[in-house]
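Structure, as structure tokens:
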Amino acid sequence: MDNLAVARHPSPVGAWTATAAIILYILLITGVRLGLSPFLEIDEAQFVGAVDLKLIYGNSHPPLYNWLVRGALELTGEHWTLAVTLVRGSLLIATYLLTFDAARRIAGPTAGILAVALMAFMPQVSWMSAHTLAHSILVMAAAAGLVNGVARLATGPRWSAFLVLGLSAGVGALAKPNIWILVFTLILAMLTDRFWWRRLATAWAFLVPVIVGVMAGPAMWAMAHALRSSTERIEKLYRDGPFSAIDLPGVGVDGVVSLVVALLASVGVVLALVALFGRARPVLSEEGDAVRRLLWRTLALSLGLSAVAVLAADMSSVHERYLTPILMPLPVVASLHLLAWRPWRIIGVAAAVFLAVPIGIAAMTAFDDHRFARPYDALAAQILAETPPGRITVSASRQSLEANMMIAFRRAGREAWVTEDRHAPMTDVAIAMQPGTGKAVPPPEGHCTGKELTVSAPMHNVMGRPMPVRATIATRCKR
């Protein structure tokens, strides 16, 4: 296949068809998600009570995802499940379209479709992002934007490339701090290649730091301050992992092994396809080959520097989602190598994998102890039967239980807010909960216990296992 000729004469029909297919697929995922449950997954629940437009949120999270959820809530009339699902769906569409467009600019629509198809074999992208992840989806979209900006910078015009690079870096800075691994290694890889030196030699390059500074400067300052005063985010990297038995004092040997395992779990299939069937030197234009070189160097630098940091800092645990942004160049560069080897066979298998995702989510809901199947409405009805009238403050030992019970109380017609909501009005009633049948939960400060009870209801799925919740109903103490 003459990749260069295809790239120079792209088919608008193919591009529009691929775009429509991506949008329809995400609409399918969205429809299945909304049809399964009106309640929230664990990562979705963290936004309840945390959409008050701050510069930094719990666990030192940058603010953009929370802001997007706040905007979606305003648009949907505070329909929590619809709001978080719309944000996720929009970001997934952006991620897939940016990846498709990057490969399309280099080697034509088939390469773009193949790049999207390869993302089916990246579980954090195709599976976890479809139903549970939040901030990781935003940083993934930002990383896809950086790759798209690179493709634009190679093929022109340069002003739009620097605009996309600046916006993507700014969004990434407002999403998760691990975007900087990709940004710094991308810059370093550019500085080692004469082709990219020539592309950077323009006044338009100053757009990138200006956009990032304007978009994310205050939030980056707030996050730096939060990280100095809190170690919660950093501590996650030092928790004992499955390879702690081989750890050595002072060096993160177990962390490096964890990183390698996370890498293989994330993109092992894609790397195997490239190693077994990829063309060692695909036929590309000068611009396309420069992109190929740059993306491989960026991947090597990102993973190499990450391994050195883990080893030197004696870290122990690296999860797959930590690597997602630095691996986003892979589907594009892999598509260039695999384009000459039966691309439509890979695309066909990938389509089956993508279609298996909504089926898998539905099956998980039907046969597992999943939040989408939990009987929050039934539990709320039992608790409210014992609750005096008035506005309700909800607290729980688990954030997902607290958020979903607040939604269930509202669905039952009661005014309810979570305790973390800084803009909640004064309430007369407080309900404190924890899963299980253990000891009574103490009421919030300033409230006196009125009734303690254990409620239970069967899961809304094939298994029908009971879900017990211990609740303490309290009213504000009289002075």
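Naming scheme: A, B, ... for chains in displayed order of the structure tokens; residues 1 onward per chain; ligands 1 onward as shown.
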
message: Which residues are near His423 in chain A? Cut-off 12 Å, only C-alpha atoms, ignore same chain within fewer than 5 positions. Put them as number ranges by chain.
response: A: 48-53, 393, 417-418

>> Taking 4 positions as the minimum chain separation for residues in the same chain, which residues sit within 12 Å of range 431-442 of chain A when counting only C-alpha atoms? Answer as JSON, numbers by chain.
In response: {"A": [374, 376, 379, 380, 383, 384, 386, 387, 388, 390, 391, 392, 393, 394, 395, 396, 397, 398, 399, 400, 401, 402, 403, 404, 405, 406, 409, 416, 417, 418, 419, 427, 446, 447, 448, 449, 450, 451, 452, 453, 454, 455, 456, 457, 466, 467, 468, 469, 470, 471, 472, 473, 474, 475, 476]}

Compile a residue-level contact table for range 331-418 of chain A against range 280-294 of chain A at a cut-off of 7 Å, reporting for every qualifying residue the shortest atom pair and its distance in Å to one decimal, with only C-alpha atoms counted, rows ordered by chain and ascending number, as CSV.
residue,atom,partner,partner_atom,distance
A:Val333,CA,A:Arg292,CA,5.7
A:Leu336,CA,A:Pro282,CA,6.5
A:His337,CA,A:Pro282,CA,5.6

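Here CA of Arg104 in chain A is placed at a distance of 17.8 Å from CA of Trp296 in chain A.
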
- prompt: Which one of A:Ala169, A:Thr85, A:Ile181, A:Met223 sits closest to Val210 in chain A if you count only C-alpha atoms?
  reply: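 When distances to Val210 in chain A are compared using only C-alpha atoms, the smallest one comes from A:Ala169.
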
Shell of 9 Å around Ala130 in chain A, only C-alpha atoms, local chain residues under 4 positions omitted, as a PyMOL selection string: chain A and resi 26+29-30+33+88-89+92+124-126+357-358+361

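Distances here use only C-alpha atoms; by that measure, the residue among A:Pro325, A:Pro343, A:Gly304, A:Gly58 closest to Trp180 in chain A is A:Pro325.
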
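Compared by their closest atoms to Asn66 in chain A, and using only C-alpha atoms, the residues A:Val349, A:Ala111, A:Ala134, A:Val261 rank with A:Ala134 nearest.
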
re CA of Val318 in chain A and CA of Ala262 in chain A: distance 6.8 Å

Exercise. Compile the contact shell of Pro123 in chain A as JSON, numbers by chain: residues with an atom at most 9 Å away, counting only C-alpha atoms, same-chain residues fewer than 4 positions apart removed.
Key: {"A": [119, 127, 128, 129, 265, 266, 267]}

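CA of Tyr57 in chain A is positioned 12.4 Å from CA of Arg422 in chain A.
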
Residue neighbourhood Arg152 in chain A, 10 Å, only C-alpha atoms, exclusion window fewer than 4 positions, as a list in words
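Result of the neighbour search: Asp101, Ala102, Arg105, Ile106, Leu146, Val147, Asn148, Gly156, Pro157, Arg158, Trp159, Ser160, Ala161, Phe162, Val164, Leu165, Glu287 and Val291 of chain A.
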
Residues as selected, N, CA and C atoms, written as an mmCIF file, in the first residue's frame, can you do that?
data_model
loop_
_atom_site.group_PDB
_atom_site.id
_atom_site.type_symbol
_atom_site.label_atom_id
_atom_site.label_comp_id
_atom_site.auth_asym_id
_atom_site.auth_seq_id
_atom_site.Cartn_x
_atom_site.Cartn_y
_atom_site.Cartn_z
ATOM 1 N N ASP A 101 -7.745 11.571 13.955
ATOM 2 C CA ASP A 101 -7.288 12.666 13.105
ATOM 3 C C ASP A 101 -5.765 12.727 13.033
ATOM 4 N N ALA A 102 -5.083 12.410 14.141
ATOM 5 C CA ALA A 102 -3.622 12.432 14.131
ATOM 6 C C ALA A 102 -3.065 11.419 13.135
ATOM 7 N N ARG A 105 -3.915 12.335 9.392
ATOM 8 C CA ARG A 105 -3.087 13.380 8.804
ATOM 9 C C ARG A 105 -1.758 12.832 8.304
ATOM 10 N N ILE A 106 -1.279 11.777 8.947
ATOM 11 C CA ILE A 106 0.029 11.235 8.589
ATOM 12 C C ILE A 106 -0.076 10.219 7.459
ATOM 13 N N LEU A 146 -2.233 16.290 22.504
ATOM 14 C CA LEU A 146 -0.815 16.553 22.266
ATOM 15 C C LEU A 146 -0.311 15.775 21.057
ATOM 16 N N VAL A 147 -0.722 14.511 20.941
ATOM 17 C CA VAL A 147 -0.320 13.712 19.779
ATOM 18 C C VAL A 147 -0.900 14.319 18.504
ATOM 19 N N ASN A 148 -2.138 14.778 18.570
ATOM 20 C CA ASN A 148 -2.755 15.422 17.416
ATOM 21 C C ASN A 148 -2.012 16.704 17.045
ATOM 22 N N GLY A 156 1.304 20.839 9.044
ATOM 23 C CA GLY A 156 0.842 22.208 8.891
ATOM 24 C C GLY A 156 -0.670 22.333 8.954
ATOM 25 N N PRO A 157 -1.173 23.595 9.132
ATOM 26 C CA PRO A 157 -0.393 24.814 9.388
ATOM 27 C C PRO A 157 0.108 24.884 10.823
ATOM 28 N N ARG A 158 1.218 25.583 11.021
ATOM 29 C CA ARG A 158 1.859 25.563 12.328
ATOM 30 C C ARG A 158 1.071 26.321 13.392
ATOM 31 N N TRP A 159 0.360 27.382 13.008
ATOM 32 C CA TRP A 159 -0.361 28.134 14.036
ATOM 33 C C TRP A 159 -1.426 27.274 14.701
ATOM 34 N N SER A 160 -2.127 26.449 13.904
ATOM 35 C CA SER A 160 -3.152 25.582 14.499
ATOM 36 C C SER A 160 -2.520 24.486 15.343
ATOM 37 N N ALA A 161 -1.322 24.035 14.934
ATOM 38 C CA ALA A 161 -0.631 23.004 15.706
ATOM 39 C C ALA A 161 -0.260 23.528 17.087
ATOM 40 N N PHE A 162 0.303 24.724 17.152
ATOM 41 C CA PHE A 162 0.686 25.276 18.447
ATOM 42 C C PHE A 162 -0.537 25.620 19.285
ATOM 43 N N VAL A 164 -3.361 23.842 19.256
ATOM 44 C CA VAL A 164 -3.799 22.550 19.792
ATOM 45 C C VAL A 164 -2.845 22.073 20.882
ATOM 46 N N LEU A 165 -1.536 22.227 20.666
ATOM 47 C CA LEU A 165 -0.559 21.814 21.680
ATOM 48 C C LEU A 165 -0.745 22.608 22.969
ATOM 49 N N GLU A 287 7.440 14.033 6.599
ATOM 50 C CA GLU A 287 6.720 14.488 7.779
ATOM 51 C C GLU A 287 6.209 13.309 8.610
ATOM 52 N N VAL A 291 7.184 12.180 12.514
ATOM 53 C CA VAL A 291 6.226 11.913 13.588
ATOM 54 C C VAL A 291 6.475 10.540 14.185
#

Checklist entry - What are the DSSP alpha helix (DSSP H) residues of range 247-361 of chain A, as a PyMOL selection string? => result chain A and resi 253-277+286-312+320-327+329-338+343-361

Measuring between only C-alpha atoms, which one of A:Pro242, A:Leu264, A:Ala222, A:Leu91 shows the shortest distance to Ile56 in chain A?
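Of A:Pro242, A:Leu264, A:Ala222, A:Leu91, the one nearest Ile56 in chain A, counting only C-alpha atoms, is A:Ala222.
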
Item to check | Contact residues around Phe277 in chain A with only C-alpha atoms at 12 Å, ignoring same-chain residues under 5 positions, as a list of chain:residue names | outcome: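 The neighbour list is A:Val269, A:Val270, A:Leu271, A:Ala272, A:Pro282, A:Ala334, A:Ser335, A:Leu336, A:His337, A:Leu338, A:Leu339, A:Ala340, A:Trp341, A:Arg342, A:Pro343, A:Ile346.
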
Writing out the chosen residues with C-alpha atoms as a PDB file, in the first residue's frame:
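selection34.pdb was written with the following content:
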ATOM      1  CA  VAL A 269      -1.405  -6.669  22.911  1.00  0.00           C
ATOM      2  CA  VAL A 270      -0.552  -3.595  20.834  1.00  0.00           C
ATOM      3  CA  LEU A 271       3.172  -4.046  21.382  1.00  0.00           C
ATOM      4  CA  ALA A 272       2.896  -7.732  20.454  1.00  0.00           C
ATOM      5  CA  PRO A 282       6.774   1.924   6.961  1.00  0.00           C
ATOM      6  CA  ALA A 334       1.609   1.486  15.951  1.00  0.00           C
ATOM      7  CA  SER A 335      -0.962   2.104  13.224  1.00  0.00           C
ATOM      8  CA  LEU A 336       1.812   3.374  10.936  1.00  0.00           C
ATOM      9  CA  HIS A 337       3.731   0.113  11.322  1.00  0.00           C
ATOM     10  CA  LEU A 338       0.688  -2.144  11.002  1.00  0.00           C
ATOM     11  CA  LEU A 339      -0.989  -0.351   8.101  1.00  0.00           C
ATOM     12  CA  ALA A 340       0.614  -2.631   5.511  1.00  0.00           C
ATOM     13  CA  TRP A 341      -0.409  -5.824   7.356  1.00  0.00           C
ATOM     14  CA  ARG A 342      -4.130  -6.626   6.988  1.00  0.00           C
ATOM     15  CA  PRO A 343      -5.377  -3.539   8.814  1.00  0.00           C
ATOM     16  CA  ILE A 346      -7.302  -5.856  13.145  1.00  0.00           C
TER      17      ILE A 346
END
